file work-v9.pdb (PDB, C-alpha atoms)
ATOM      1  CA  ASP A 531      62.389  43.471 315.035
ATOM      2  CA  ALA A 532      62.262  40.619 312.506
ATOM      3  CA  LYS A 533      62.236  41.365 308.808
ATOM      4  CA  THR A 534      59.443  40.305 306.511
ATOM      5  CA  THR A 535      59.256  39.326 302.850
ATOM      6  CA  GLN A 536      56.158  39.932 300.744
ATOM      7  CA  PRO A 537      55.465  39.652 297.014
ATOM      8  CA  PRO A 538      55.519  43.113 295.432
ATOM      9  CA  SER A 539      52.117  42.744 293.796
ATOM     10  CA  MET A 540      49.087  40.469 293.459
ATOM     11  CA  ASP A 541      45.816  40.495 291.575
ATOM     12  CA  CYS A 542      42.491  39.255 292.818
ATOM     13  CA  ALA A 543      39.059  39.077 291.191
ATOM     14  CA  GLU A 544      36.307  41.030 292.887
ATOM     15  CA  GLY A 545      34.236  38.821 295.185
ATOM     16  CA  ARG A 546      36.952  36.206 295.519
ATOM     17  CA  ALA A 547      39.173  35.653 298.517
ATOM     18  CA  ALA A 548      42.499  37.474 298.509
ATOM     19  CA  ASN A 549      45.319  35.558 300.187
ATOM     20  CA  LEU A 550      48.373  37.673 300.923
ATOM     21  CA  PRO A 551      51.487  35.783 302.065
ATOM     22  CA  CYS A 552      54.255  37.006 304.315
ATOM     23  CA  ASN A 553      57.498  35.301 305.284
ATOM     24  CA  HIS A 554      59.108  36.115 308.628
ATOM     25  CA  SER A 555      61.528  33.261 309.124
ATOM     26  CA  THR A 556      63.592  35.076 311.785
ATOM     27  CA  ILE A 557      60.625  35.862 314.017
ATOM     28  CA  SER A 558      61.254  35.328 317.711
ATOM     29  CA  GLY A 559      58.873  33.976 320.303
ATOM     30  CA  ASN A 560      57.688  37.307 321.681
ATOM     31  CA  GLU A 561      57.108  39.004 318.345
ATOM     32  CA  TYR A 562      53.661  39.621 316.940
ATOM     33  CA  VAL A 563      52.579  39.685 313.300
ATOM     34  CA  TYR A 564      50.717  42.851 312.322
ATOM     35  CA  TRP A 565      48.981  43.749 309.082
ATOM     36  CA  TYR A 566      48.258  47.274 307.926
ATOM     37  CA  ARG A 567      47.110  48.560 304.574
ATOM     38  CA  GLN A 568      47.414  51.864 302.801
ATOM     39  CA  ILE A 569      44.804  52.834 300.281
ATOM     40  CA  HIS A 570      46.033  55.374 297.743
ATOM     41  CA  SER A 571      46.474  58.866 299.217
ATOM     42  CA  GLN A 572      45.332  57.776 302.674
ATOM     43  CA  GLY A 573      47.069  57.010 305.943
ATOM     44  CA  PRO A 574      47.886  53.406 306.867
ATOM     45  CA  GLN A 575      45.016  51.469 308.418
ATOM     46  CA  TYR A 576      45.341  48.705 310.980
ATOM     47  CA  ILE A 577      43.815  45.390 309.890
ATOM     48  CA  ILE A 578      44.686  42.632 312.334
ATOM     49  CA  HIS A 579      47.479  41.167 314.445
ATOM     50  CA  GLY A 580      48.333  37.856 316.116
ATOM     51  CA  LEU A 581      50.993  36.001 318.044
ATOM     52  CA  LYS A 582      50.568  32.336 317.229
ATOM     53  CA  ASN A 583      46.867  31.557 317.030
ATOM     54  CA  ASN A 584      44.801  32.310 313.967
ATOM     55  CA  GLU A 585      42.790  35.491 314.312
ATOM     56  CA  THR A 586      39.653  36.815 312.650
ATOM     57  CA  ASN A 587      37.912  40.147 312.783
ATOM     58  CA  GLU A 588      35.380  41.993 310.679
ATOM     59  CA  MET A 589      37.985  42.915 308.087
ATOM     60  CA  ALA A 590      40.132  39.840 307.625
ATOM     61  CA  SER A 591      41.567  36.573 308.912
ATOM     62  CA  LEU A 592      45.176  35.963 309.848
ATOM     63  CA  ILE A 593      46.601  32.480 309.520
ATOM     64  CA  ILE A 594      49.994  31.911 311.178
ATOM     65  CA  THR A 595      51.878  28.681 310.498
ATOM     66  CA  GLU A 596      52.702  26.440 313.420
ATOM     67  CA  ASP A 597      56.405  27.304 313.255
ATOM     68  CA  ARG A 598      55.428  31.006 312.954
ATOM     69  CA  LYS A 599      57.827  31.533 310.068
ATOM     70  CA  SER A 600      55.091  32.687 307.729
ATOM     71  CA  SER A 601      51.548  33.977 307.742
ATOM     72  CA  THR A 602      48.698  34.712 305.350
ATOM     73  CA  LEU A 603      46.229  37.544 305.461
ATOM     74  CA  ILE A 604      42.878  36.562 304.000
ATOM     75  CA  LEU A 605      40.289  39.034 302.760
ATOM     76  CA  PRO A 606      37.332  36.684 302.312
ATOM     77  CA  HIS A 607      35.410  38.621 299.648
ATOM     78  CA  ALA A 608      37.617  41.246 298.070
ATOM     79  CA  THR A 609      36.008  44.418 296.741
ATOM     80  CA  LEU A 610      37.418  47.172 294.570
ATOM     81  CA  ARG A 611      37.872  49.260 297.721
ATOM     82  CA  ASP A 612      40.352  46.691 299.030
ATOM     83  CA  THR A 613      42.853  47.743 296.368
ATOM     84  CA  ALA A 614      45.784  48.956 298.476
ATOM     85  CA  VAL A 615      49.338  48.262 299.589
ATOM     86  CA  TYR A 616      49.306  45.665 302.372
ATOM     87  CA  TYR A 617      52.122  45.681 304.900
ATOM     88  CA  CYS A 618      53.128  42.742 307.053
ATOM     89  CA  ILE A 619      55.068  43.912 310.120
ATOM     90  CA  VAL A 620      56.642  41.848 312.854
ATOM     91  CA  ARG A 621      57.460  43.410 316.189
ATOM     92  CA  ARG A 622      57.434  43.005 319.913
ATOM     93  CA  ASN A 623      54.837  44.804 321.980
ATOM     94  CA  TYR A 624      57.284  46.759 324.094
ATOM     95  CA  GLY A 625      54.700  48.907 325.745
ATOM     96  CA  GLY A 626      55.058  52.644 325.936
ATOM     97  CA  ALA A 627      56.013  54.834 323.050
ATOM     98  CA  THR A 628      58.706  52.501 321.769
ATOM     99  CA  ASN A 629      56.047  50.709 319.734
ATOM    100  CA  LYS A 630      57.286  51.945 316.398
ATOM    101  CA  LEU A 631      56.149  50.263 313.211
ATOM    102  CA  ILE A 632      58.841  49.344 310.692
ATOM    103  CA  PHE A 633      57.205  49.287 307.271
ATOM    104  CA  GLY A 634      58.656  47.303 304.392
ATOM    105  CA  THR A 635      57.656  47.640 300.758
ATOM    106  CA  GLY A 636      54.421  45.695 301.146
ATOM    107  CA  THR A 637      52.235  43.980 298.548
ATOM    108  CA  LEU A 638      50.169  46.014 296.131
ATOM    109  CA  LEU A 639      46.862  44.168 295.885
ATOM    110  CA  ALA A 640      44.874  45.075 292.791
ATOM    111  CA  VAL A 641      41.268  43.886 292.910
ATOM    112  CA  GLN A 642      39.941  43.482 289.387
ATOM    113  CA  PRO A 643      36.259  43.902 288.446
TER     114      PRO A 643
ATOM    115  CA  ASP B 599      34.502  62.649 314.098
ATOM    116  CA  THR B 600      37.993  62.199 312.700
ATOM    117  CA  ALA B 601      40.157  60.249 315.147
ATOM    118  CA  VAL B 602      43.541  61.663 314.081
ATOM    119  CA  SER B 603      43.445  64.908 312.166
ATOM    120  CA  GLN B 604      46.289  66.787 310.551
ATOM    121  CA  THR B 605      46.414  70.271 309.114
ATOM    122  CA  PRO B 606      47.119  71.348 306.523
ATOM    123  CA  LYS B 607      46.508  68.547 304.056
ATOM    124  CA  TYR B 608      48.707  70.167 301.435
ATOM    125  CA  LEU B 609      51.614  72.543 301.959
ATOM    126  CA  VAL B 610      53.688  74.114 299.191
ATOM    127  CA  THR B 611      56.541  76.339 300.268
ATOM    128  CA  GLN B 612      59.905  77.663 299.168
ATOM    129  CA  MET B 613      63.295  76.415 300.270
ATOM    130  CA  GLY B 614      64.548  78.073 303.405
ATOM    131  CA  ASN B 615      61.117  78.737 304.859
ATOM    132  CA  ASP B 616      59.906  77.515 308.255
ATOM    133  CA  LYS B 617      56.607  75.647 308.437
ATOM    134  CA  SER B 618      54.493  73.732 310.927
ATOM    135  CA  ILE B 619      52.124  70.792 310.635
ATOM    136  CA  LYS B 620      49.545  70.264 313.358
ATOM    137  CA  CYS B 621      48.147  66.987 314.606
ATOM    138  CA  GLU B 622      45.361  66.263 317.039
ATOM    139  CA  GLN B 623      43.836  63.004 318.216
ATOM    140  CA  ASN B 624      40.536  62.587 320.046
ATOM    141  CA  LEU B 625      41.028  58.938 320.987
ATOM    142  CA  GLY B 626      42.429  59.565 324.454
ATOM    143  CA  HIS B 627      45.718  57.897 323.489
ATOM    144  CA  ASP B 628      48.903  58.550 325.426
ATOM    145  CA  THR B 629      51.305  58.028 322.545
ATOM    146  CA  MET B 630      51.692  59.951 319.304
ATOM    147  CA  TYR B 631      54.037  59.582 316.353
ATOM    148  CA  TRP B 632      55.275  61.264 313.206
ATOM    149  CA  TYR B 633      56.071  59.157 310.142
ATOM    150  CA  LYS B 634      57.499  60.294 306.820
ATOM    151  CA  GLN B 635      56.663  58.712 303.460
ATOM    152  CA  ASP B 636      59.102  59.664 300.746
ATOM    153  CA  SER B 637      58.668  59.722 296.978
ATOM    154  CA  LYS B 638      59.492  56.006 296.773
ATOM    155  CA  LYS B 639      56.639  55.325 299.190
ATOM    156  CA  PHE B 640      58.834  54.143 302.058
ATOM    157  CA  LEU B 641      57.175  54.869 305.395
ATOM    158  CA  LYS B 642      59.583  55.581 308.224
ATOM    159  CA  ILE B 643      59.093  56.686 311.798
ATOM    160  CA  MET B 644      60.551  60.034 312.803
ATOM    161  CA  PHE B 645      59.431  60.632 316.392
ATOM    162  CA  SER B 646      57.250  59.252 319.109
ATOM    163  CA  TYR B 647      55.944  60.974 322.218
ATOM    164  CA  ASN B 648      54.386  59.502 325.318
ATOM    165  CA  ASN B 649      52.482  61.869 327.582
ATOM    166  CA  LYS B 650      54.290  64.858 326.069
ATOM    167  CA  GLU B 651      57.709  63.263 326.515
ATOM    168  CA  LEU B 652      59.959  62.491 323.540
ATOM    169  CA  ILE B 653      60.699  58.772 323.407
ATOM    170  CA  ILE B 654      61.932  58.026 319.889
ATOM    171  CA  ASN B 655      63.988  60.310 317.662
ATOM    172  CA  GLU B 656      65.089  58.368 314.622
ATOM    173  CA  THR B 657      68.166  60.429 313.704
ATOM    174  CA  VAL B 658      66.017  63.117 312.191
ATOM    175  CA  PRO B 659      67.850  66.398 311.387
ATOM    176  CA  ASN B 660      67.465  68.920 314.166
ATOM    177  CA  ARG B 661      65.681  71.234 311.715
ATOM    178  CA  PHE B 662      62.682  69.075 312.619
ATOM    179  CA  SER B 663      61.332  69.874 316.060
ATOM    180  CA  PRO B 664      58.224  68.147 317.390
ATOM    181  CA  LYS B 665      56.210  69.894 320.068
ATOM    182  CA  SER B 666      53.586  68.291 322.259
ATOM    183  CA  PRO B 667      51.605  70.903 324.222
ATOM    184  CA  ASP B 668      49.393  68.152 325.651
ATOM    185  CA  LYS B 669      48.943  64.470 325.041
ATOM    186  CA  ALA B 670      46.236  65.055 322.428
ATOM    187  CA  HIS B 671      48.476  67.174 320.200
ATOM    188  CA  LEU B 672      51.796  66.626 318.480
ATOM    189  CA  ASN B 673      52.916  69.323 316.104
ATOM    190  CA  LEU B 674      55.875  69.206 313.762
ATOM    191  CA  HIS B 675      57.889  72.323 313.077
ATOM    192  CA  ILE B 676      60.432  72.326 310.291
ATOM    193  CA  ASN B 677      63.081  75.038 309.950
ATOM    194  CA  SER B 678      65.016  75.985 306.823
ATOM    195  CA  LEU B 679      63.096  73.668 304.536
ATOM    196  CA  GLU B 680      65.085  71.775 301.890
ATOM    197  CA  LEU B 681      64.001  70.136 298.645
ATOM    198  CA  GLY B 682      64.594  66.715 300.206
ATOM    199  CA  ASP B 683      61.980  67.421 302.856
ATOM    200  CA  SER B 684      59.274  67.016 300.228
ATOM    201  CA  ALA B 685      57.225  64.024 301.336
ATOM    202  CA  VAL B 686      53.950  63.018 302.918
ATOM    203  CA  TYR B 687      54.022  63.311 306.700
ATOM    204  CA  PHE B 688      51.688  61.143 308.761
ATOM    205  CA  CYS B 689      50.739  61.620 312.349
ATOM    206  CA  ALA B 690      49.569  58.585 314.342
ATOM    207  CA  SER B 691      48.497  57.705 317.852
ATOM    208  CA  SER B 692      48.118  54.593 319.962
ATOM    209  CA  ARG B 693      47.534  53.527 323.519
ATOM    210  CA  ALA B 694      50.663  53.262 325.614
ATOM    211  CA  SER B 695      50.429  49.472 325.389
ATOM    212  CA  GLY B 696      50.613  50.105 321.667
ATOM    213  CA  THR B 697      48.800  47.396 319.816
ATOM    214  CA  GLU B 698      47.197  49.228 316.926
ATOM    215  CA  ALA B 699      48.100  52.663 315.691
ATOM    216  CA  PHE B 700      45.654  55.081 314.116
ATOM    217  CA  PHE B 701      46.982  57.299 311.357
ATOM    218  CA  GLY B 702      45.917  60.677 310.087
ATOM    219  CA  GLN B 703      45.302  61.366 306.426
ATOM    220  CA  GLY B 704      48.719  62.846 305.883
ATOM    221  CA  THR B 705      50.172  66.216 304.948
ATOM    222  CA  ARG B 706      51.759  66.431 301.510
ATOM    223  CA  LEU B 707      54.663  68.848 301.798
ATOM    224  CA  THR B 708      56.222  70.155 298.603
ATOM    225  CA  VAL B 709      59.328  72.305 298.818
ATOM    226  CA  VAL B 710      60.111  74.285 295.666
TER     227      VAL B 710
END
call {"tool": "encode", "arguments": {"input": "work-v9.pdb", "output": "structure tokens"}}
result
Amino acid sequence: DAKTTQPPSMDCAEGRAANLPCNHSTISGNEYVYWYRQIHSQGPQYIIHGLKNNETNEMASLIITEDRKSSTLILPHATLRDTAVYYCIVRRNYGGATNKLIFGTGTLLAVQP
Amino acid sequence: DTAVSQTPKYLVTQMGNDKSIKCEQNLGHDTMYWYKQDSKKFLKIMFSYNNKELIINETVPNRFSPKSPDKAHLNLHINSLELGDSAVYFCASSRASGTEAFFGQGTRLTVV
């Protein structure tokens, strides 16, 4: 699975959009980009994933560059409850129980009041 | 209803003891996992099971023995606990096609 690079920390003002970047320059054609987050003292939570098209759900939007070497997770209106470590993970969907997630160090997003 | 539940939430025990952590999911998923998060906050997979069959064992010491009595449960038994086993252990589940995984709230194990 491809490796990812994320900034260790970011700040965002409450109510503003939070844009979290991720570099995955060695991504291959059949690898997906996944985002999870971990709020303090909780288990990781799935946010969104995509292959090459931009994706949006009720939590966030995922923008993947045309060459797929980087992506941005956008939280459109950050709240204090969005303060968490955000993990960008790249992997193939193997199917079956080989779908392990390889977590990096993530980005600590601190939403400021 | 909690989708993936683990018990206990906290576990403090002495070195050398044997302990178990239980995990249950009510999502109807075929695949379950154990992850370990150490003191530096690195999250790493330990095991995965599919329909009660062990699929992934990430070079975990054999003091750790997962048991899956049915596909809704994956328990983790740890023998001869060591100080280095202190960590937060997360159970997770997903469909066999494995897009998103759902995690439990974690079990904080402290070995003294």
call {"tool": "residues_near_point", "arguments": {"input": "work-v9.pdb", "point": "(53.6, 74.2, 314.3)", "cutoff": "7 Å", "atoms": "all atoms listed in the file", "output": "ChimeraX atom specification"}}
result
/B:617-620,673-675
call {"tool": "residues_around", "arguments": {"input": "work-v9.pdb", "residues": "Tyr616 in chain A", "least_positions_apart": "5", "cutoff": "9 Å", "atoms": "all atoms listed in the file", "output": "ChimeraX atom specification"}}
result
/A:550,565-569,635-639
call {"tool": "resolve_selection", "arguments": {"input": "work-v9.pdb", "expression": "the PyMOL selection byres ((chain A) within 12 of (chain B))", "output": "ChimeraX atom specification"}}
result
/A:561-581,615,617,619-636,638
call {"tool": "resolve_selection", "arguments": {"input": "work-v9.pdb", "expression": "the PyMOL selection byres ((chain A and resi 584) around 6)", "output": "ChimeraX atom specification"}}
result
/A:583,585,592-594
call {"tool": "atom_distance", "arguments": {"input": "work-v9.pdb", "atom1": "CA of Trp632 in chain B", "atom2": "CA of Leu672 in chain B"}}
result
8.3 Å
call {"tool": "resolve_selection", "arguments": {"input": "work-v9.pdb", "expression": "the PyMOL selection byres ((chain A and resi 536-538) around 6)", "output": "count of residues only"}}
result
4
call {"tool": "atom_distance", "arguments": {"input": "work-v9.pdb", "atom1": "CA of Glu588 in chain A", "atom2": "CA of Thr609 in chain A"}}
result
14.2 Å
call {"tool": "atom_distance", "arguments": {"input": "work-v9.pdb", "atom1": "CA of Ala640 in chain A", "atom2": "CA of His554 in chain A"}}
result
23.1 Å
call {"tool": "closest_residue", "arguments": {"input": "work-v9.pdb", "among": "B:Asp683, B:Lys669, B:Ser678, B:Ser663", "to": "His627 in chain B", "atoms": "only C-alpha atoms"}}
result
B:Lys669
call {"tool": "residues_near_point", "arguments": {"input": "work-v9.pdb", "point": "(37.3, 49.2, 295.3)", "cutoff": "10 Å", "atoms": "only C-alpha atoms", "output": "list in words"}}
result
Glu544, Ile569, Ala608, Thr609, Leu610, Arg611, Asp612, Thr613, Ala614, Ala640, Val641, Gln642 and Pro643 of chain A
call {"tool": "write_last_selection", "arguments": {"input": "work-v9.pdb", "atoms": "C-alpha atoms", "output": "tab-separated table (two decimals), in the coordinates of the input"}}
result
chain	number	residue	atom	x	y	z
A	544	GLU	CA	36.31	41.03	292.89
A	569	ILE	CA	44.80	52.83	300.28
A	608	ALA	CA	37.62	41.25	298.07
A	609	THR	CA	36.01	44.42	296.74
A	610	LEU	CA	37.42	47.17	294.57
A	611	ARG	CA	37.87	49.26	297.72
A	612	ASP	CA	40.35	46.69	299.03
A	613	THR	CA	42.85	47.74	296.37
A	614	ALA	CA	45.78	48.96	298.48
A	640	ALA	CA	44.87	45.08	292.79
A	641	VAL	CA	41.27	43.89	292.91
A	642	GLN	CA	39.94	43.48	289.39
A	643	PRO	CA	36.26	43.90	288.45
call {"tool": "closest_residue", "arguments": {"input": "work-v9.pdb", "among": "B:Val602, B:Leu679, B:Leu707, B:Ala685", "to": "Gln623 in chain B", "atoms": "all atoms listed in the file"}}
result
B:Val602
call {"tool": "closest_residue", "arguments": {"input": "work-v9.pdb", "among": "A:His607, A:Met589, A:Gly545, A:Ser600", "to": "Lys533 in chain A", "atoms": "all atoms listed in the file"}}
result
A:Ser600
call {"tool": "axis_aligned_box", "arguments": {"input": "work-v9.pdb", "around": "range 656-664 of chain B", "padding_each_side": "6 Å", "output": "lines of an AutoDock Vina configuration file"}}
result
center_x = 63.2
center_y = 64.8
center_z = 314.4
size_x = 21.9
size_y = 24.9
size_z = 18.0
call {"tool": "decode", "arguments": {"input": "work-v9.pdb", "residues": "range 672-684 of chain B", "atoms": "all heavy atoms", "output": "short mmCIF file (atom, residue, chain, number, x, y, z; two decimals), in the first residue's frame"}}
result
data_model
loop_
_atom_site.label_atom_id
_atom_site.label_comp_id
_atom_site.auth_asym_id
_atom_site.auth_seq_id
_atom_site.Cartn_x
_atom_site.Cartn_y
_atom_site.Cartn_z
N LEU B 672 -15.27 -11.37 18.36
CA LEU B 672 -13.84 -11.64 18.25
C LEU B 672 -13.21 -11.20 19.56
O LEU B 672 -13.13 -10.01 19.85
CB LEU B 672 -13.21 -10.89 17.08
CG LEU B 672 -11.71 -11.13 16.89
CD1 LEU B 672 -11.44 -12.60 16.59
CD2 LEU B 672 -11.16 -10.25 15.76
N ASN B 673 -12.81 -12.18 20.34
CA ASN B 673 -12.22 -11.90 21.64
C ASN B 673 -10.71 -12.00 21.55
O ASN B 673 -10.15 -12.70 20.70
CB ASN B 673 -12.77 -12.89 22.68
CG ASN B 673 -14.30 -12.84 22.75
OD1 ASN B 673 -14.90 -11.77 22.62
ND2 ASN B 673 -14.92 -14.00 22.90
N LEU B 674 -10.05 -11.29 22.45
CA LEU B 674 -8.59 -11.29 22.48
C LEU B 674 -8.12 -11.74 23.84
O LEU B 674 -8.43 -11.10 24.84
CB LEU B 674 -8.06 -9.88 22.17
CG LEU B 674 -6.54 -9.74 22.06
CD1 LEU B 674 -6.01 -10.53 20.86
CD2 LEU B 674 -6.17 -8.26 21.92
N HIS B 675 -7.41 -12.85 23.87
CA HIS B 675 -6.87 -13.36 25.12
C HIS B 675 -5.36 -13.13 25.13
O HIS B 675 -4.69 -13.39 24.13
CB HIS B 675 -7.18 -14.85 25.26
CG HIS B 675 -6.83 -15.39 26.60
ND1 HIS B 675 -7.60 -15.16 27.73
CD2 HIS B 675 -5.76 -16.12 27.01
CE1 HIS B 675 -7.03 -15.75 28.77
NE2 HIS B 675 -5.92 -16.33 28.36
N ILE B 676 -4.88 -12.62 26.25
CA ILE B 676 -3.46 -12.33 26.36
C ILE B 676 -2.88 -13.08 27.56
O ILE B 676 -3.36 -12.90 28.69
CB ILE B 676 -3.18 -10.82 26.53
CG1 ILE B 676 -4.03 -9.99 25.55
CG2 ILE B 676 -1.69 -10.53 26.30
CD1 ILE B 676 -4.03 -8.51 25.81
N ASN B 677 -1.90 -13.91 27.32
CA ASN B 677 -1.24 -14.67 28.39
C ASN B 677 0.00 -13.93 28.87
O ASN B 677 0.65 -13.18 28.12
CB ASN B 677 -0.81 -16.05 27.88
CG ASN B 677 -1.99 -16.96 27.65
OD1 ASN B 677 -3.00 -16.87 28.34
ND2 ASN B 677 -1.88 -17.82 26.65
N SER B 678 0.35 -14.18 30.12
CA SER B 678 1.64 -13.70 30.68
C SER B 678 1.89 -12.24 30.32
O SER B 678 2.88 -11.90 29.67
CB SER B 678 2.79 -14.56 30.16
OG SER B 678 2.56 -15.91 30.45
N LEU B 679 1.00 -11.39 30.75
CA LEU B 679 1.07 -9.98 30.36
C LEU B 679 2.39 -9.33 30.75
O LEU B 679 2.96 -9.61 31.81
CB LEU B 679 -0.10 -9.22 31.01
CG LEU B 679 -1.39 -9.34 30.18
CD1 LEU B 679 -2.61 -9.17 31.06
CD2 LEU B 679 -1.36 -8.32 29.06
N GLU B 680 2.89 -8.47 29.86
CA GLU B 680 4.15 -7.75 30.06
C GLU B 680 3.86 -6.25 30.09
O GLU B 680 2.83 -5.80 29.58
CB GLU B 680 5.12 -8.07 28.93
CG GLU B 680 5.46 -9.54 28.81
CD GLU B 680 6.35 -9.85 27.62
OE1 GLU B 680 6.67 -8.91 26.84
OE2 GLU B 680 6.75 -11.02 27.47
N LEU B 681 4.82 -5.50 30.66
CA LEU B 681 4.63 -4.05 30.73
C LEU B 681 4.39 -3.45 29.35
O LEU B 681 3.58 -2.53 29.19
CB LEU B 681 5.86 -3.39 31.37
CG LEU B 681 6.13 -3.70 32.85
CD1 LEU B 681 7.42 -3.04 33.30
CD2 LEU B 681 4.96 -3.23 33.72
N GLY B 682 5.09 -3.98 28.34
CA GLY B 682 4.98 -3.45 26.99
C GLY B 682 3.64 -3.71 26.32
O GLY B 682 3.38 -3.18 25.24
N ASP B 683 2.80 -4.51 26.96
CA ASP B 683 1.47 -4.75 26.41
C ASP B 683 0.51 -3.62 26.74
O ASP B 683 -0.61 -3.58 26.20
CB ASP B 683 0.90 -6.07 26.94
CG ASP B 683 1.74 -7.27 26.53
OD1 ASP B 683 2.39 -7.21 25.47
OD2 ASP B 683 1.76 -8.26 27.30
N SER B 684 0.93 -2.71 27.60
CA SER B 684 0.08 -1.57 27.94
C SER B 684 -0.19 -0.75 26.70
O SER B 684 0.75 -0.32 26.01
CB SER B 684 0.76 -0.70 29.00
OG SER B 684 0.91 -1.41 30.22
#
